[in-house]
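Worksheet: the structure to be examined is printed underneath.
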Amino acid sequence: MMKSKRYILSLALAVSFFSSLNSFSAHIESAEKLSYKDTIRVKLYPKGTKTKNGLENMMESYDGRYIRNVSVPEIQIFLPSKSTVSEPTQAVLVIPGGSYGVIAASHEGYKSIEWLNSHGIAGILLKYRLPNGHKDIPLEDARTAMRIIREQSANWNINPAQVGVMGFSAGGHLASLLLTRFIDVSSHPDFGVLGYPVIDLKGHVNTGQNLLGKEPANADIEKYSSNNHIENQTPPMYIVLTDDDKVVTPSHSIKFYSALKEKGIPAEMHIYPTGNHGWWMRERYKFSEDTYPLLMRWIKARTGK
């Protein structure tokens, strides 16, 4: 009977990632550590958010591709199979893009997590609040997520000194802010992976307006362009993109990489010939055999082994 109940619980979690589980702490909504493909869902603010994004009266939705109207942020933790892990594992906070207007959760989110899990790495999806012109809210959520991951690392068999972040497009912009805007050790990633990231908000009007408002001040554009905030404590970085991206042009990544090198930050950048924008984990992408093994090699190398 007990085995049957566990199977039913696992099936329910796989069908609907919005289902609720019993709390075992102020943050955690799962009654136990779950196996591969099961989700531990954690609200970032169990008592509610102090800051608001103006979307509280909108219904959140997910159509299998995009999450819309997020006002209640959470992380969804996918742990690797116990058979692939013999000691506390690395973890990666995954931040999908969507121009800060939606969250592109399918390929940039769940497909990324499947890939990480297959290599024995915990994948954690950040369902962040969409800013709706409230510029500090996404970074607030990302920092809170990092703190929770480290607070709960023993429960999730995660090495708290091996927690990275991976972001794509506008999610790459948010990840780059998290990596460069240092405020404390607990919220700061140990390494970063950026896929075709927005970096300079002067160079991407749609993302900038969704984050900062329709007529952003020049001071805000400079403040939220992450190439301006690289410091000595910025962690190692891996940047991957394609040369033919017309949506977020290679100039963003090149500017960021150049700024990293000016500060002496270890960084690796790969520019592939074609793929357009949003190629990550898609069948149409022609350079999979090179791209994913090289990146995994780099992630694994962060352990120093």
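So you can find residues: chains in the structure tokens are A, B, ... in the order shown, residues in each start at 1, and ligands are numbered from 1 in order.
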Counting only C-alpha atoms, give me one row per residue of stretch 168-187 of chain A with an atom at most 12 Å from an atom of stretch 271-280 of chain A, showing the shortest contact pair and its distance in Å to one decimal, sorted by chain then residue number, as a Markdown table.
| residue | atom | partner | partner_atom | distance |
| --- | --- | --- | --- | --- |
| A:Phe168 | CA | A:Gly278 | CA | 8.1 |
| A:Ser169 | CA | A:Gly278 | CA | 7.7 |
| A:Ala170 | CA | A:Gly278 | CA | 10.9 |
| A:Gly171 | CA | A:Gly278 | CA | 11.5 |
| A:Gly172 | CA | A:Gly278 | CA | 11.6 |
Where does stretch 140-206 of chain A meet stretch 249-252 of chain A within 12 Å, residue by residue, with the nearest atom pair and distance in Å to one decimal for each, counting only C-alpha atoms, listed by chain and rising number, as JSON lines?
{"residue": "A:Ser169", "atom": "CA", "partner": "A:His252", "partner_atom": "CA", "distance": 10.2}
{"residue": "A:Ala170", "atom": "CA", "partner": "A:His252", "partner_atom": "CA", "distance": 11.6}
{"residue": "A:Gly172", "atom": "CA", "partner": "A:His252", "partner_atom": "CA", "distance": 10.7}
{"residue": "A:His173", "atom": "CA", "partner": "A:His252", "partner_atom": "CA", "distance": 9.9}
{"residue": "A:Ser176", "atom": "CA", "partner": "A:His252", "partner_atom": "CA", "distance": 11.5}
{"residue": "A:Leu194", "atom": "CA", "partner": "A:His252", "partner_atom": "CA", "distance": 11.0}
{"residue": "A:Gly195", "atom": "CA", "partner": "A:Pro250", "partner_atom": "CA", "distance": 10.8}
{"residue": "A:Tyr196", "atom": "CA", "partner": "A:Pro250", "partner_atom": "CA", "distance": 7.5}
{"residue": "A:Pro197", "atom": "CA", "partner": "A:His252", "partner_atom": "CA", "distance": 6.9}
{"residue": "A:Val198", "atom": "CA", "partner": "A:His252", "partner_atom": "CA", "distance": 6.1}
{"residue": "A:Ile199", "atom": "CA", "partner": "A:His252", "partner_atom": "CA", "distance": 5.2}
{"residue": "A:Asp200", "atom": "CA", "partner": "A:His252", "partner_atom": "CA", "distance": 6.1}
{"residue": "A:Leu201", "atom": "CA", "partner": "A:His252", "partner_atom": "CA", "distance": 9.2}
{"residue": "A:Lys202", "atom": "CA", "partner": "A:His252", "partner_atom": "CA", "distance": 10.1}
{"residue": "A:Gly203", "atom": "CA", "partner": "A:His252", "partner_atom": "CA", "distance": 7.7}
{"residue": "A:His204", "atom": "CA", "partner": "A:Thr249", "partner_atom": "CA", "distance": 9.1}
Using Å and a single decimal, report how far atom CA of A:Asn132 sits from atom CA of A:Glu74. 17.6 Å
Nearest residue to A:Ile149 out of A:Ile121, A:Val42, A:Ala267, A:Leu55, using only C-alpha atoms? A:Val42
Determine, counting only C-alpha atoms, which protein, DNA and RNA residues have an atom within 10 Å of an atom of A:Arg129; residues of the same chain fewer than 6 positions away are not included. Present the result as a list in words. Lys52, Asn53, Leu55, Arg68, Asn69, Val70, Ser71, Val72, Pro73, Glu74, Tyr100, Gly101, Val102, Ile103, Ile137, Pro138, Leu139, Glu140, Asp141 and Ala142 of chain A
Dump all heavy atoms for the selected residues as a compact mmCIF listing (two decimals), in the first residue's frame?
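Result went into part.txt, see below:
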# COMPACT_ATOMS: atom_id res chain seq x y z
N LYS A 52 5.65 44.39 -4.52
CA LYS A 52 4.60 43.96 -5.44
C LYS A 52 4.95 44.37 -6.87
O LYS A 52 5.57 45.41 -7.10
CB LYS A 52 3.26 44.58 -5.05
CG LYS A 52 2.84 44.32 -3.60
CD LYS A 52 2.63 42.84 -3.32
CE LYS A 52 2.22 42.60 -1.87
NZ LYS A 52 2.06 41.16 -1.56
N ASN A 53 4.52 43.55 -7.83
CA ASN A 53 4.81 43.85 -9.24
C ASN A 53 3.58 44.29 -10.02
O ASN A 53 3.66 44.49 -11.23
CB ASN A 53 5.47 42.66 -9.93
CG ASN A 53 4.58 41.43 -10.01
OD1 ASN A 53 3.50 41.38 -9.43
ND2 ASN A 53 5.03 40.42 -10.74
N LEU A 55 0.93 42.56 -10.71
CA LEU A 55 0.27 41.48 -11.43
C LEU A 55 -0.52 40.57 -10.50
O LEU A 55 -0.96 39.48 -10.90
CB LEU A 55 1.30 40.64 -12.20
CG LEU A 55 2.11 41.38 -13.27
CD1 LEU A 55 3.17 40.46 -13.86
CD2 LEU A 55 1.19 41.91 -14.37
N ARG A 68 3.20 32.88 -17.60
CA ARG A 68 2.79 34.29 -17.68
C ARG A 68 2.24 34.77 -16.34
O ARG A 68 1.74 33.99 -15.54
CB ARG A 68 1.72 34.47 -18.76
CG ARG A 68 2.22 34.25 -20.18
CD ARG A 68 1.09 34.42 -21.19
NE ARG A 68 1.59 34.51 -22.57
CZ ARG A 68 1.84 33.46 -23.34
NH1 ARG A 68 1.63 32.24 -22.85
NH2 ARG A 68 2.31 33.61 -24.56
N ASN A 69 2.36 36.08 -16.13
CA ASN A 69 1.71 36.78 -15.00
C ASN A 69 2.16 36.25 -13.64
O ASN A 69 1.34 36.10 -12.73
CB ASN A 69 0.18 36.67 -15.12
CG ASN A 69 -0.35 37.26 -16.40
OD1 ASN A 69 0.16 38.27 -16.90
ND2 ASN A 69 -1.36 36.63 -16.97
N VAL A 70 3.44 36.02 -13.47
CA VAL A 70 3.94 35.51 -12.19
C VAL A 70 3.96 36.62 -11.16
O VAL A 70 4.58 37.67 -11.36
CB VAL A 70 5.34 34.91 -12.34
CG1 VAL A 70 5.87 34.45 -10.98
CG2 VAL A 70 5.33 33.75 -13.33
N SER A 71 3.28 36.41 -10.05
CA SER A 71 3.35 37.34 -8.92
C SER A 71 3.71 36.62 -7.63
O SER A 71 4.00 37.27 -6.63
CB SER A 71 2.02 38.08 -8.75
OG SER A 71 0.96 37.18 -8.46
N VAL A 72 3.66 35.27 -7.67
CA VAL A 72 4.06 34.45 -6.50
C VAL A 72 5.26 33.61 -6.91
O VAL A 72 5.10 32.57 -7.57
CB VAL A 72 2.90 33.56 -6.03
CG1 VAL A 72 3.34 32.72 -4.82
CG2 VAL A 72 1.67 34.40 -5.68
N PRO A 73 6.47 34.05 -6.57
CA PRO A 73 7.67 33.35 -7.05
C PRO A 73 7.98 32.09 -6.26
O PRO A 73 7.63 31.98 -5.08
CB PRO A 73 8.76 34.40 -6.85
CG PRO A 73 8.30 35.19 -5.66
CD PRO A 73 6.79 35.24 -5.77
N GLU A 74 8.64 31.16 -6.93
CA GLU A 74 9.04 29.93 -6.28
C GLU A 74 10.24 29.34 -7.00
O GLU A 74 10.60 29.76 -8.10
CB GLU A 74 7.89 28.92 -6.27
CG GLU A 74 7.54 28.38 -7.65
CD GLU A 74 6.42 27.33 -7.61
OE1 GLU A 74 5.64 27.33 -6.64
OE2 GLU A 74 6.34 26.54 -8.56
N TYR A 100 11.58 39.50 -19.97
CA TYR A 100 10.93 39.98 -18.74
C TYR A 100 9.43 40.18 -18.93
O TYR A 100 8.80 40.85 -18.11
CB TYR A 100 11.57 41.28 -18.24
CG TYR A 100 12.94 41.11 -17.61
CD1 TYR A 100 14.04 41.80 -18.12
CD2 TYR A 100 13.13 40.31 -16.50
CE1 TYR A 100 15.30 41.68 -17.54
CE2 TYR A 100 14.38 40.17 -15.92
CZ TYR A 100 15.46 40.86 -16.44
OH TYR A 100 16.70 40.72 -15.87
N GLY A 101 8.86 39.59 -19.99
CA GLY A 101 7.42 39.66 -20.20
C GLY A 101 6.74 38.34 -19.96
O GLY A 101 5.57 38.29 -19.55
N VAL A 102 7.46 37.24 -20.21
CA VAL A 102 7.02 35.87 -19.92
C VAL A 102 8.26 35.10 -19.46
O VAL A 102 9.39 35.61 -19.51
CB VAL A 102 6.40 35.18 -21.16
CG1 VAL A 102 5.14 35.90 -21.60
CG2 VAL A 102 7.41 35.11 -22.31
N ILE A 103 8.07 33.86 -19.04
CA ILE A 103 9.18 32.98 -18.69
C ILE A 103 9.14 31.80 -19.64
O ILE A 103 8.17 31.02 -19.65
CB ILE A 103 9.10 32.50 -17.23
CG1 ILE A 103 9.20 33.69 -16.28
CG2 ILE A 103 10.21 31.49 -16.93
CD1 ILE A 103 9.02 33.34 -14.82
N ILE A 137 12.59 43.78 -8.59
CA ILE A 137 11.91 42.56 -8.16
C ILE A 137 12.58 41.28 -8.68
O ILE A 137 12.79 40.34 -7.90
CB ILE A 137 10.41 42.64 -8.52
CG1 ILE A 137 9.70 43.45 -7.44
CG2 ILE A 137 9.80 41.26 -8.68
CD1 ILE A 137 8.22 43.63 -7.66
N PRO A 138 12.94 41.16 -9.96
CA PRO A 138 13.56 39.89 -10.40
C PRO A 138 14.86 39.57 -9.67
O PRO A 138 15.08 38.41 -9.28
CB PRO A 138 13.79 40.12 -11.89
CG PRO A 138 12.77 41.13 -12.28
CD PRO A 138 12.67 42.06 -11.11
N LEU A 139 15.71 40.56 -9.46
CA LEU A 139 16.97 40.32 -8.76
C LEU A 139 16.72 39.96 -7.30
O LEU A 139 17.42 39.11 -6.73
CB LEU A 139 17.88 41.53 -8.88
CG LEU A 139 19.28 41.40 -8.26
CD1 LEU A 139 20.03 40.19 -8.82
CD2 LEU A 139 20.08 42.68 -8.48
N GLU A 140 15.72 40.56 -6.69
CA GLU A 140 15.34 40.21 -5.32
C GLU A 140 14.98 38.73 -5.24
O GLU A 140 15.40 38.02 -4.32
CB GLU A 140 14.15 41.08 -4.88
CG GLU A 140 13.62 40.78 -3.50
CD GLU A 140 12.39 41.62 -3.18
OE1 GLU A 140 12.22 42.71 -3.76
OE2 GLU A 140 11.58 41.18 -2.33
N ASP A 141 14.22 38.26 -6.22
CA ASP A 141 13.82 36.84 -6.23
C ASP A 141 15.01 35.92 -6.46
O ASP A 141 15.13 34.86 -5.82
CB ASP A 141 12.78 36.61 -7.32
CG ASP A 141 11.44 37.25 -7.01
OD1 ASP A 141 11.25 37.74 -5.88
OD2 ASP A 141 10.57 37.26 -7.91
N ALA A 142 15.91 36.30 -7.36
CA ALA A 142 17.08 35.47 -7.64
C ALA A 142 17.98 35.35 -6.41
O ALA A 142 18.48 34.26 -6.10
CB ALA A 142 17.85 36.04 -8.83
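When only C-alpha atoms are used to compute distances to A:Ile113, the closest of the residues A:Thr39, A:Thr144, A:Asn218, A:Thr207 turns out to be A:Thr39.
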Distance atom CA of A:Lys135-atom CA of A:Gln209, one decimal place?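 Atom CA of A:Gln209 lies at a distance of 9.7 Å from atom CA of A:Lys135.
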Interatomic distance (Å, one decimal) between atom CA of A:Tyr292 and atom CA of A:Ser106: 17.3 Å
May I have all residues of stretch 86-221 of chain A that DSSP, computed from the backbone, assigns to helix (DSSP H, G or I), given as a ChimeraX atom specification? /A:106-118,137-151,170-180,185-187,201-203,205-212,218-221
Would you return as a PyMOL selection string the members of stretch 41-252 of chain A that DSSP assigns to strand (DSSP E) on this structure's backbone? chain A and resi 41-43+61-62+66-68+74-78+89-95+103-104+122-127+158-168+192-195+237-242
What would the file look like if the residues just selected were written as a compact mmCIF listing (two decimals), in the first residue's frame with C-alpha atoms?
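Everything below was put into selection-v1.txt:
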# COMPACT_ATOMS: atom_id res chain seq x y z
CA ARG A 41 8.44 23.20 -4.75
CA VAL A 42 9.46 26.06 -2.51
CA LYS A 43 7.78 29.43 -2.26
CA SER A 61 -0.75 30.44 -16.56
CA TYR A 62 1.55 27.94 -18.26
CA TYR A 66 5.61 30.13 -21.42
CA ILE A 67 4.72 31.01 -17.84
CA ARG A 68 2.79 34.29 -17.68
CA GLU A 74 9.04 29.93 -6.28
CA ILE A 75 11.83 27.51 -7.03
CA GLN A 76 11.26 23.99 -8.32
CA ILE A 77 14.02 21.59 -7.30
CA PHE A 78 14.79 18.54 -9.44
CA THR A 89 26.31 17.41 -5.78
CA GLN A 90 26.62 20.63 -7.68
CA ALA A 91 23.43 22.61 -8.20
CA VAL A 92 22.47 25.12 -10.88
CA LEU A 93 19.74 27.73 -10.55
CA VAL A 94 18.17 27.89 -14.03
CA ILE A 95 16.69 31.22 -15.18
CA ILE A 103 9.18 32.98 -18.69
CA ALA A 104 10.24 30.58 -21.48
CA ALA A 122 20.67 19.26 -9.24
CA GLY A 123 18.62 21.56 -11.47
CA ILE A 124 16.54 24.28 -9.85
CA LEU A 125 14.05 26.32 -11.87
CA LEU A 126 13.51 29.91 -10.80
CA LYS A 127 9.94 31.01 -11.41
CA ILE A 158 23.83 19.80 -2.48
CA ASN A 159 27.33 21.14 -1.96
CA PRO A 160 26.71 24.75 -0.79
CA ALA A 161 30.07 25.82 -2.23
CA GLN A 162 29.12 24.53 -5.70
CA VAL A 163 25.94 26.44 -6.52
CA GLY A 164 25.92 28.10 -9.91
CA VAL A 165 23.44 29.97 -12.06
CA MET A 166 22.49 29.48 -15.72
CA GLY A 167 20.44 32.06 -17.61
CA PHE A 168 19.28 32.64 -21.17
CA GLY A 192 27.78 31.38 -14.03
CA VAL A 193 26.63 30.16 -17.45
CA LEU A 194 25.09 32.71 -19.82
CA GLY A 195 23.33 31.70 -23.03
CA MET A 237 31.83 32.60 -16.28
CA TYR A 238 30.93 30.61 -19.39
CA ILE A 239 29.20 32.39 -22.27
CA VAL A 240 27.68 30.66 -25.30
CA LEU A 241 25.92 32.20 -28.30
CA THR A 242 25.68 32.14 -32.09
Nearest to A:Lys111 among A:Asp136, A:Asp63, A:Glu283, A:Glu231, with distances taken over only C-alpha atoms: which residue is it?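 So, comparing all the options, the nearest one is A:Glu283.
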Between A:Thr180, A:Gly120, A:Lys214, A:Gly208, which residue has the minimum interatomic distance to A:Asn228, considering only C-alpha atoms?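 Distance minimum relative to A:Asn228 lands on A:Thr180.
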Nearest to A:Ser99: which of A:Thr291, A:Asn206, A:Ser225, A:Thr234 is it, counting only C-alpha atoms?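 The closest residue to A:Ser99 is A:Asn206.
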Could you check which of A:Pro236, A:Ser81, A:Thr303, A:Leu295 is closest to A:Asn117, using only C-alpha atoms?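 Smallest distance to A:Asn117 is found for A:Ser81.
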